[in-house]
Amino acid sequence: MAVSEFAAKYGPWALITGASEGTGSAFAHRLVDAGLKVILVARREGPLAALADEIRARGGECVTASVDLSAPDAAERIAAAAGDREVGLLITNAGADANGSMFLDKDLAAWEQLVTMNVNTTMRLAHRFGRAMRERGRGGMILVSSGACYGGLSGISAYCASKAFVLAFAEGLWAELRHHNIDVLTLVLGRTDTPAHRKILEESGQPVPTDMATSEEVAEVGLRQLPHGPIWNWGQTNDVAGMAPNSPDDRRAKILAIEAMSAAYAGKKA
Ligand SMILES: NC(=O)c1ccc[n+]([C@@H]2O[C@H](COP(=O)([O-])OP(=O)(O)OC[C@H]3O[C@@H](n4cnc5c(N)ncnc54)[C@H](OP(=O)(O)O)[C@@H]3O)[C@@H](O)[C@H]2O)c1
């Protein structure tokens with residue numbers, strides 16, 4: 001899609017959650033290159049301000065909002081920060097599981113926060129900004145997900161469940177909103193070299209894989225695939241089942257194989 005066509009369809013403002021680093025920051029830079037203005041959401045003000053300075057130094061326009069997506073009022077606070085700016089593209093990017101824990105080994109509050117971020121806040125943002133897109137008759141949404149959306153896995157059960165919501169939600173929204181000239185894509189990522197992911201690897205004593213996608217690759221592919229929803233599975237063509245086996249036997253085998261693979265990474269017994 002040509003730059004002017006992209007901005008006419010998805011501009012003038014894009015709102016990105018988890019924008020301050022990694023894939024979120026890469027999306028922001030690409031969107032500024034494509035002529036959009038960006039609303040940058042994350043918790044820490046310092047990295048947000050640094051990114052805003054970089055964008056303004058390149059002639060881009062942006063605003064920042066320091067909001068915790070796992071708080072019950074996150075979507076309302078983000079909507080207030082966006083004000084009356086026309087958001088033509090919503091990217092719900094933040095959503096990793098920083099807990100690194102078996103379900104029962106963390107207090108419930110940690111899992112409730114993860115689910116609030118990935119389910120409630122995602123749904124509320126899609127509703128708030130989707131309605132305005134429908135009125136304008138154009139727009140787009142990228143809901144960033146993970147291969148974990150295709151079934152439960154040891155050590156990340158609540159994360160998998162929250163990303164399964166994102167998968168089904170994006171598919172349904174794609175079906176509804178395509179009739180209003182709004183593109184919806186869930187971008188199902190594999191291992192990606194982000195600061196947050198490196199922190200998880202470091203904390204769990206795992207080596208850094210050499211074959212991770214870069215944040216820049218993810219942003220480029222995500223924006224390119226946006227008109228071709230509802231799903232893009234990282235590194236796979238659309239005509240293979242890949243990470244989405246369906247029979248109970250296949251699903252059980254996948255869970256156990258990934259558990260064994262993770263244990264091998266961490267040098268532990270599965
Ligand atoms: N990296 C991977 O290997 C991988 C693999 C599969 C899927 N994904 C998906 O890709 C997306 C990005 O992942 P990531 O590795 O970059 O980690 P992430 O923690 O989802 O994203 C980091 C960004 O989100 C912000 N953030 C994190 N928690 C937040 C919260 N509660 N409220 C507001 N902002 C928050 C961070 O800034 P602050 O800390 O300042 O808030 C930072 O800007 C996620 O949806 C993840 O599930 C990643």
# chains A, B, ... in the order shown; residues from 1 in each chain; ligands from 1
>>> residues_near_ligand(ligand="ligand 1", cutoff="6 Å", atoms="only C-alpha atoms and all ligand atoms", output="number ranges by chain")
A: 18-23, 42-44, 67-70, 93-96, 144-146, 189-194, 196-197
>>> write_last_selection(atoms="C-alpha atoms", output="PDB file, in the first residue's frame")
ATOM      1  CA  GLY A  18       3.289  -0.948  25.005  1.00  0.00           C
ATOM      2  CA  ALA A  19       4.812   1.655  22.718  1.00  0.00           C
ATOM      3  CA  SER A  20       7.914   2.584  24.661  1.00  0.00           C
ATOM      4  CA  GLU A  21      10.220  -0.232  23.519  1.00  0.00           C
ATOM      5  CA  GLY A  22      10.508  -3.363  21.387  1.00  0.00           C
ATOM      6  CA  THR A  23       7.728  -4.092  18.925  1.00  0.00           C
ATOM      7  CA  ALA A  42       3.045   2.446  28.486  1.00  0.00           C
ATOM      8  CA  ARG A  43       3.624   2.715  32.237  1.00  0.00           C
ATOM      9  CA  ARG A  44       7.091   4.255  32.669  1.00  0.00           C
ATOM     10  CA  VAL A  67      -1.242   4.172  31.959  1.00  0.00           C
ATOM     11  CA  ASP A  68      -1.146   0.690  33.503  1.00  0.00           C
ATOM     12  CA  LEU A  69      -3.147  -1.552  31.144  1.00  0.00           C
ATOM     13  CA  SER A  70      -3.795  -4.002  33.956  1.00  0.00           C
ATOM     14  CA  ASN A  93       0.739  -4.526  21.528  1.00  0.00           C
ATOM     15  CA  ALA A  94       1.582  -4.893  25.238  1.00  0.00           C
ATOM     16  CA  GLY A  95       0.542  -8.206  26.731  1.00  0.00           C
ATOM     17  CA  ALA A  96       3.459 -10.434  27.659  1.00  0.00           C
ATOM     18  CA  VAL A 144      -0.740  -8.586  18.972  1.00  0.00           C
ATOM     19  CA  SER A 145      -0.817 -12.165  20.161  1.00  0.00           C
ATOM     20  CA  SER A 146       1.382 -15.214  20.617  1.00  0.00           C
ATOM     21  CA  LEU A 189       4.190 -13.806  17.212  1.00  0.00           C
ATOM     22  CA  GLY A 190       6.874 -16.354  17.953  1.00  0.00           C
ATOM     23  CA  ARG A 191       9.991 -15.516  19.938  1.00  0.00           C
ATOM     24  CA  THR A 192      10.865 -11.901  19.331  1.00  0.00           C
ATOM     25  CA  ASP A 193      13.906  -9.991  20.486  1.00  0.00           C
ATOM     26  CA  THR A 194      12.373  -7.356  22.776  1.00  0.00           C
ATOM     27  CA  ALA A 196      10.840  -7.462  27.940  1.00  0.00           C
ATOM     28  CA  HIS A 197      11.540 -10.903  26.498  1.00  0.00           C
TER      29      HIS A 197
END
>>> residues_around(residues="Ala75 of chain A", least_positions_apart="6", cutoff="8 Å", atoms="only C-alpha atoms", output="count of residues only")
4
>>> closest_residue(among="A:Phe129, A:Trp232, A:Phe103, A:Phe165", to="Ala14 of chain A", atoms="only C-alpha atoms")
A:Phe129
>>> residues_around(residues="Val115 of chain A", least_positions_apart="3", cutoff="8 Å", atoms="only C-alpha atoms", output="list in words")
Ser70, Trp111, Glu112, Asn118, Val119, Asn120, Ala158, Tyr159 and Ser162 of chain A
>>> select_by_dssp(residues="segment 42-263 of chain A", states="strand (DSSP E or B)", output="PyMOL selection string")
chain A and resi 42+62-66+87-92+139-146+182-189+192-193+213-214+231-233
>>> residues_around(residues="Ala80 of chain A", least_positions_apart="4", cutoff="12 Å", atoms="only C-alpha atoms", output="PyMOL selection string")
chain A and resi 39+64-67+73-76+84-85+125+128-129
>>> closest_residue(among="A:Ile16, A:Leu31, A:Met123, A:Val184", to="Leu48 of chain A", atoms="only C-alpha atoms")
A:Ile16
>>> select_by_dssp(residues="segment 59-229 of chain A", states="helix (DSSP H, G or I)", output="PyMOL selection string")
chain A and resi 74-82+103-105+108-136+147-150+157-180+195-203+215-228
>>> closest_residue(among="A:Trp13, A:Phe169, A:Trp174, A:Tyr150", to="Gly83 of chain A", atoms="only C-alpha atoms")
A:Trp13
>>> closest_residue(among="A:Val32, A:Leu173, A:Leu104, A:Leu185", to="Met141 of chain A", atoms="only C-alpha atoms")
A:Leu185
>>> residues_around(residues="Leu187 of chain A", least_positions_apart="4", cutoff="9 Å", atoms="only C-alpha atoms", output="ChimeraX atom specification")
/A:142-146,218,221-222,225-226,229-234
>>> write_last_selection(atoms="N, CA and C atoms", output="mmCIF file, in the first residue's frame")
data_model
loop_
_atom_site.group_PDB
_atom_site.id
_atom_site.type_symbol
_atom_site.label_atom_id
_atom_site.label_comp_id
_atom_site.auth_asym_id
_atom_site.auth_seq_id
_atom_site.Cartn_x
_atom_site.Cartn_y
_atom_site.Cartn_z
ATOM 1 N N ILE A 142 -4.693 -3.837 15.003
ATOM 2 C CA ILE A 142 -3.773 -4.974 15.099
ATOM 3 C C ILE A 142 -3.742 -5.405 16.562
ATOM 4 N N LEU A 143 -4.180 -6.618 16.821
ATOM 5 C CA LEU A 143 -4.159 -7.160 18.175
ATOM 6 C C LEU A 143 -2.979 -8.137 18.232
ATOM 7 N N VAL A 144 -1.943 -7.750 18.951
ATOM 8 C CA VAL A 144 -0.740 -8.586 18.972
ATOM 9 C C VAL A 144 -0.959 -9.786 19.893
ATOM 10 N N SER A 145 -0.597 -10.948 19.387
ATOM 11 C CA SER A 145 -0.817 -12.165 20.161
ATOM 12 C C SER A 145 0.449 -13.027 20.140
ATOM 13 N N SER A 146 0.255 -14.289 20.465
ATOM 14 C CA SER A 146 1.382 -15.214 20.617
ATOM 15 C C SER A 146 0.922 -16.589 20.162
ATOM 16 N N VAL A 218 8.888 -7.467 12.909
ATOM 17 C CA VAL A 218 7.503 -7.671 13.343
ATOM 18 C C VAL A 218 6.630 -6.487 12.916
ATOM 19 N N VAL A 221 6.086 -6.509 9.053
ATOM 20 C CA VAL A 221 5.165 -7.563 8.608
ATOM 21 C C VAL A 221 3.737 -7.274 9.104
ATOM 22 N N GLY A 222 3.626 -6.810 10.341
ATOM 23 C CA GLY A 222 2.293 -6.529 10.891
ATOM 24 C C GLY A 222 1.550 -5.498 10.068
ATOM 25 N N GLN A 225 0.598 -6.939 6.647
ATOM 26 C CA GLN A 225 -0.461 -7.954 6.658
ATOM 27 C C GLN A 225 -1.810 -7.407 7.125
ATOM 28 N N LEU A 226 -1.821 -6.182 7.659
ATOM 29 C CA LEU A 226 -3.064 -5.638 8.225
ATOM 30 C C LEU A 226 -4.287 -5.782 7.304
ATOM 31 N N GLY A 229 -6.310 -9.861 7.137
ATOM 32 C CA GLY A 229 -6.652 -10.575 8.364
ATOM 33 C C GLY A 229 -7.490 -11.805 8.085
ATOM 34 N N PRO A 230 -7.969 -12.470 9.111
ATOM 35 C CA PRO A 230 -7.837 -12.054 10.508
ATOM 36 C C PRO A 230 -6.534 -12.482 11.214
ATOM 37 N N ILE A 231 -5.749 -13.415 10.627
ATOM 38 C CA ILE A 231 -4.603 -13.946 11.390
ATOM 39 C C ILE A 231 -3.340 -13.911 10.551
ATOM 40 N N TRP A 232 -2.234 -13.539 11.171
ATOM 41 C CA TRP A 232 -0.930 -13.819 10.568
ATOM 42 C C TRP A 232 -0.093 -14.547 11.605
ATOM 43 N N ASN A 233 0.284 -15.778 11.291
ATOM 44 C CA ASN A 233 1.148 -16.566 12.178
ATOM 45 C C ASN A 233 2.596 -16.313 11.797
ATOM 46 N N TRP A 234 3.358 -15.812 12.736
ATOM 47 C CA TRP A 234 4.741 -15.438 12.430
ATOM 48 C C TRP A 234 5.498 -16.600 11.774
#
>>> residues_around(residues="Glu61 of chain A", least_positions_apart="3", cutoff="7 Å", atoms="only C-alpha atoms", output="PDB file with C-alpha atoms, in the first residue's frame")
ATOM      1  CA  LYS A  37       0.708  10.802  14.270  1.00  0.00           C
ATOM      2  CA  VAL A  38       1.039   8.479  17.234  1.00  0.00           C
ATOM      3  CA  ILE A  55       9.881  11.053  17.080  1.00  0.00           C
ATOM      4  CA  ARG A  56       9.633  14.833  17.366  1.00  0.00           C
TER       5      ARG A  56
END
>>> residues_around(residues="Ala164 of chain A", least_positions_apart="3", cutoff="6 Å", atoms="only C-alpha atoms", output="PyMOL selection string")
chain A and resi 149+161+167
>>> write_last_selection(atoms="C-alpha atoms", output="PDB file, in the first residue's frame")
ATOM      1  CA  CYS A 149      -3.130 -18.490  21.806  1.00  0.00           C
ATOM      2  CA  ALA A 161      -6.003 -18.366  27.914  1.00  0.00           C
ATOM      3  CA  LEU A 167      -7.528 -14.843  18.767  1.00  0.00           C
TER       4      LEU A 167
END
